[in-house]
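Pasting coords13.cif here (mmCIF, C-alpha atoms):
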data_query
#
loop_
_atom_site.group_PDB
_atom_site.id
_atom_site.type_symbol
_atom_site.label_atom_id
_atom_site.label_comp_id
_atom_site.auth_asym_id
_atom_site.auth_seq_id
_atom_site.Cartn_x
_atom_site.Cartn_y
_atom_site.Cartn_z
ATOM 1 C CA MET A 29 -168.812 -235.754 -75.438
ATOM 2 C CA ASP A 30 -170.289 -234.288 -72.268
ATOM 3 C CA ARG A 31 -171.877 -236.927 -70.008
ATOM 4 C CA ASP A 32 -175.216 -235.084 -69.762
ATOM 5 C CA ILE A 33 -175.517 -234.742 -73.531
ATOM 6 C CA ARG A 34 -174.590 -238.392 -73.991
ATOM 7 C CA LEU A 35 -177.267 -239.448 -71.490
ATOM 8 C CA LYS A 36 -179.905 -237.234 -73.123
ATOM 9 C CA ARG A 37 -179.181 -238.802 -76.503
ATOM 10 C CA LEU A 38 -179.314 -242.292 -75.019
ATOM 11 C CA ARG A 39 -182.592 -241.526 -73.273
ATOM 12 C CA PHE A 40 -184.160 -240.340 -76.522
ATOM 13 C CA ARG A 41 -182.982 -243.440 -78.375
ATOM 14 C CA ALA A 42 -184.134 -245.706 -75.540
ATOM 15 C CA TRP A 43 -187.656 -244.275 -75.599
ATOM 16 C CA HIS A 44 -188.046 -244.045 -79.385
ATOM 17 C CA ARG A 45 -187.564 -247.616 -80.526
ATOM 18 C CA GLY A 46 -190.606 -247.770 -82.808
ATOM 19 C CA VAL A 47 -192.439 -250.493 -80.886
ATOM 20 C CA LYS A 48 -194.308 -249.555 -77.704
ATOM 21 C CA GLU A 49 -193.248 -252.721 -75.868
ATOM 22 C CA ALA A 50 -189.596 -252.082 -76.709
ATOM 23 C CA ASP A 51 -189.958 -248.442 -75.664
ATOM 24 C CA LEU A 52 -191.251 -249.525 -72.266
ATOM 25 C CA MET A 53 -188.576 -252.159 -71.840
ATOM 26 C CA VAL A 54 -185.512 -250.278 -73.098
ATOM 27 C CA GLY A 55 -186.650 -246.824 -71.989
ATOM 28 C CA GLY A 56 -187.782 -248.105 -68.607
ATOM 29 C CA PHE A 57 -184.426 -249.783 -68.073
ATOM 30 C CA PHE A 58 -182.633 -246.585 -69.003
ATOM 31 C CA ASP A 59 -184.719 -244.482 -66.613
ATOM 32 C CA ALA A 60 -184.283 -246.941 -63.754
ATOM 33 C CA HIS A 61 -180.534 -247.482 -64.068
ATOM 34 C CA SER A 62 -178.718 -244.835 -66.100
ATOM 35 C CA ALA A 63 -178.061 -242.361 -63.293
ATOM 36 C CA GLY A 64 -175.501 -244.709 -61.759
ATOM 37 C CA TRP A 65 -173.785 -245.849 -64.964
ATOM 38 C CA ASN A 66 -170.076 -245.429 -65.476
ATOM 39 C CA ASP A 67 -168.519 -244.918 -68.937
ATOM 40 C CA ALA A 68 -168.211 -248.657 -69.604
ATOM 41 C CA GLU A 69 -171.880 -249.253 -68.751
ATOM 42 C CA MET A 70 -172.956 -246.362 -70.969
ATOM 43 C CA ALA A 71 -170.864 -247.808 -73.799
ATOM 44 C CA TRP A 72 -172.495 -251.219 -73.265
ATOM 45 C CA PHE A 73 -175.955 -249.672 -73.483
ATOM 46 C CA GLU A 74 -175.047 -247.607 -76.564
ATOM 47 C CA ALA A 75 -173.965 -250.759 -78.376
ATOM 48 C CA PHE A 76 -176.831 -252.843 -76.982
ATOM 49 C CA ILE A 77 -179.555 -250.566 -78.322
ATOM 50 C CA GLU A 78 -178.190 -251.042 -81.828
ATOM 51 C CA GLU A 79 -179.597 -254.590 -81.695
ATOM 52 C CA GLN A 80 -183.015 -255.407 -83.097
ATOM 53 C CA ASP A 81 -185.968 -254.900 -80.733
ATOM 54 C CA VAL A 82 -187.211 -258.430 -81.289
ATOM 55 C CA ASP A 83 -183.858 -259.833 -80.163
ATOM 56 C CA ILE A 84 -183.573 -257.523 -77.148
ATOM 57 C CA MET A 85 -187.044 -258.493 -75.967
ATOM 58 C CA ALA A 86 -186.428 -262.209 -76.572
ATOM 59 C CA TRP A 87 -183.220 -262.094 -74.516
ATOM 60 C CA ALA A 88 -184.921 -260.232 -71.675
ATOM 61 C CA MET A 89 -187.789 -262.739 -71.571
ATOM 62 C CA SER A 90 -185.466 -265.767 -71.901
ATOM 63 C CA VAL A 91 -187.072 -266.808 -75.174
ATOM 64 C CA GLN A 92 -183.668 -266.749 -76.888
ATOM 65 C CA ALA A 93 -180.236 -267.383 -75.438
ATOM 66 C CA VAL A 94 -178.313 -264.197 -74.715
ATOM 67 C CA PRO A 95 -175.216 -263.926 -76.925
ATOM 68 C CA ASP A 96 -171.927 -263.968 -75.043
ATOM 69 C CA ARG A 97 -171.176 -260.343 -75.875
ATOM 70 C CA TRP A 98 -174.243 -259.154 -73.913
ATOM 71 C CA GLN A 99 -173.989 -261.458 -70.903
ATOM 72 C CA GLY A 100 -173.059 -259.935 -67.564
ATOM 73 C CA PRO A 101 -174.419 -257.646 -64.856
ATOM 74 C CA MET A 102 -176.088 -255.196 -67.249
ATOM 75 C CA MET A 103 -178.039 -257.965 -68.994
ATOM 76 C CA GLU A 104 -178.940 -259.523 -65.664
ATOM 77 C CA ALA A 105 -180.392 -256.188 -64.535
ATOM 78 C CA PHE A 106 -182.146 -255.757 -67.888
ATOM 79 C CA ALA A 107 -183.693 -259.227 -67.717
ATOM 80 C CA THR A 108 -185.337 -258.601 -64.334
ATOM 81 C CA LEU A 109 -187.983 -256.487 -66.097
ATOM 82 C CA THR A 110 -188.927 -254.978 -62.716
ATOM 83 C CA TYR A 111 -188.581 -251.512 -64.230
ATOM 84 C CA VAL A 112 -191.373 -252.025 -66.805
ATOM 85 C CA PRO A 113 -194.560 -250.245 -65.707
ATOM 86 C CA ILE A 114 -197.590 -252.506 -65.810
ATOM 87 C CA ALA A 115 -201.012 -250.884 -66.104
ATOM 88 C CA ARG A 116 -203.615 -252.451 -63.858
#

Representation of the structure as structure tokens:
Amino acid sequence: MDRDIRLKRLRFRAWHRGVKEADLMVGGFFDAHSAGWNDAEMAWFEAFIEEQDVDIMAWAMSVQAVPDRWQGPMMEAFATLTYVPIAR
């Protein structure tokens, strides 16, 4: 599949999670980082967003331990949460 089409599909899925907080977290991460992703990082994200929102958010906020399969540089970047816009 063409890289641009793949990224467009991922962006849509990242921003349409069904829970506003998950949209901001997953979609914000996508917007902040996806431009520099290689094929392996895109594959990681594609698999990652198949997880339940409650689990993704718990891992990012260190409420639950991150399963081994998700640990690594992508999860470390995800868990910074610096990409989540905060209204003031």

List the spatial neighbours of Thr108 in chain A as a list in words - criterion: any atom at most 9 Å away, only C-alpha atoms, same-chain residues fewer than 5 positions off excluded.
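Those residues are Ala88, Met89 and Met103 of chain A.
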
Counting all atoms listed in the file, give me one row per residue of range 62-116 of chain A with an atom at most 10 Å from an atom of range 32-35 of chain A, showing the shortest contact pair and its distance in Å to one decimal, sorted by chain then residue number, as CSV.
residue,atom,partner,partner_atom,distance
A:Ser62,CA,A:Leu35,CA,7.8
A:Ala63,CA,A:Leu35,CA,8.7
A:Trp65,CA,A:Leu35,CA,9.8
A:Met70,CA,A:Leu35,CA,8.2
A:Glu74,CA,A:Arg34,CA,9.6

Excluding Ile77 in chain A and residues on its chain fewer than 5 positions from it, collect all residues at most 8 Å away from it, counting all atoms listed in the file, and give them as a PyMOL selection string.
chain A and resi 41-42+54

Once you have the residues from the selection above, write them out as a PDB file, keeping the file's coordinate frame, restricted to C-alpha atoms.
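This went into out_10.pdb:
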ATOM      1  CA  ARG A  41    -182.982-243.440 -78.375  1.00  0.00           C
ATOM      2  CA  ALA A  42    -184.134-245.706 -75.540  1.00  0.00           C
ATOM      3  CA  VAL A  54    -185.512-250.278 -73.098  1.00  0.00           C
TER       4      VAL A  54
END

What gap, in Å, lies between CA of Asp59 in chain A and CA of Gly100 in chain A?
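Answer for the CA of Asp59 in chain A to CA of Gly100 in chain A separation: 19.4 Å.
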
Using only C-alpha atoms, determine which residues lie at most 10 Å from Val82 in chain A, disregarding the query and same-chain residues fewer than 3 positions distant; provide the list as number ranges by chain.
A: 47, 49-50, 79, 85-87

For Pro113 in chain A, which residue among A:Val91, A:Met53, A:Leu38, A:Ile84 is the nearest when counting only C-alpha atoms?
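The closest residue to Pro113 in chain A is A:Met53.
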
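Ranking A:Val112, A:Ala75, A:Met29, A:Ala68 by their shortest atom-to-atom distance to Gly55 in chain A, with all atoms listed in the file included, puts A:Val112 first.
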
Expected residue set, 7 Å radius at (-187.6, -251.7, -62.7), all atoms listed in the file, as an mmCIF file with C-alpha atoms, keeping the file's coordinate frame:
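Resulting contents of out_33.cif:
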data_model
loop_
_atom_site.group_PDB
_atom_site.id
_atom_site.type_symbol
_atom_site.label_atom_id
_atom_site.label_comp_id
_atom_site.auth_asym_id
_atom_site.auth_seq_id
_atom_site.Cartn_x
_atom_site.Cartn_y
_atom_site.Cartn_z
ATOM 1 C CA GLY A 56 -187.782 -248.105 -68.607
ATOM 2 C CA PHE A 57 -184.426 -249.783 -68.073
ATOM 3 C CA ALA A 60 -184.283 -246.941 -63.754
ATOM 4 C CA LEU A 109 -187.983 -256.487 -66.097
ATOM 5 C CA THR A 110 -188.927 -254.978 -62.716
ATOM 6 C CA TYR A 111 -188.581 -251.512 -64.230
ATOM 7 C CA VAL A 112 -191.373 -252.025 -66.805
#

9 Å contact set for Trp72 in chain A, only C-alpha atoms, chain neighbours under 5 positions out, as an MDAnalysis selection string:
chainID A and resid 67 77 98 102

Please define a box with edges along x, y and z of the file around all atoms of range 73-84 of chain A given in the file, extend it by 6 Å on each side, and return its centre and edge lengths in Å to one decimal, as lines of an AutoDock Vina configuration file.
center_x = -180.6
center_y = -253.7
center_z = -78.3
size_x = 25.2
size_y = 24.2
size_z = 21.6

Tell me which of A:Asp81, A:Phe40, A:Phe76, A:Asp30 sits closest to Pro95 in chain A, counting all atoms listed in the file.
A:Phe76

Have a look at A:Gln99, A:Arg31, A:Phe58, A:Asp83 and name the one nearest to His44 in chain A; count all atoms listed in the file.
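Among A:Gln99, A:Arg31, A:Phe58, A:Asp83, it is A:Phe58 that comes nearest to His44 in chain A.
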
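Coordinates place CA of Ala107 in chain A at a distance of 8.0 Å from CA of Ser90 in chain A.
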
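CA of Gly64 in chain A is found 14.3 Å from CA of Lys36 in chain A.
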
If you count all atoms listed in the file, the residue of A:Phe106, A:Gly46, A:Asp96, A:His61 closest to Gln80 in chain A turns out to be A:Gly46
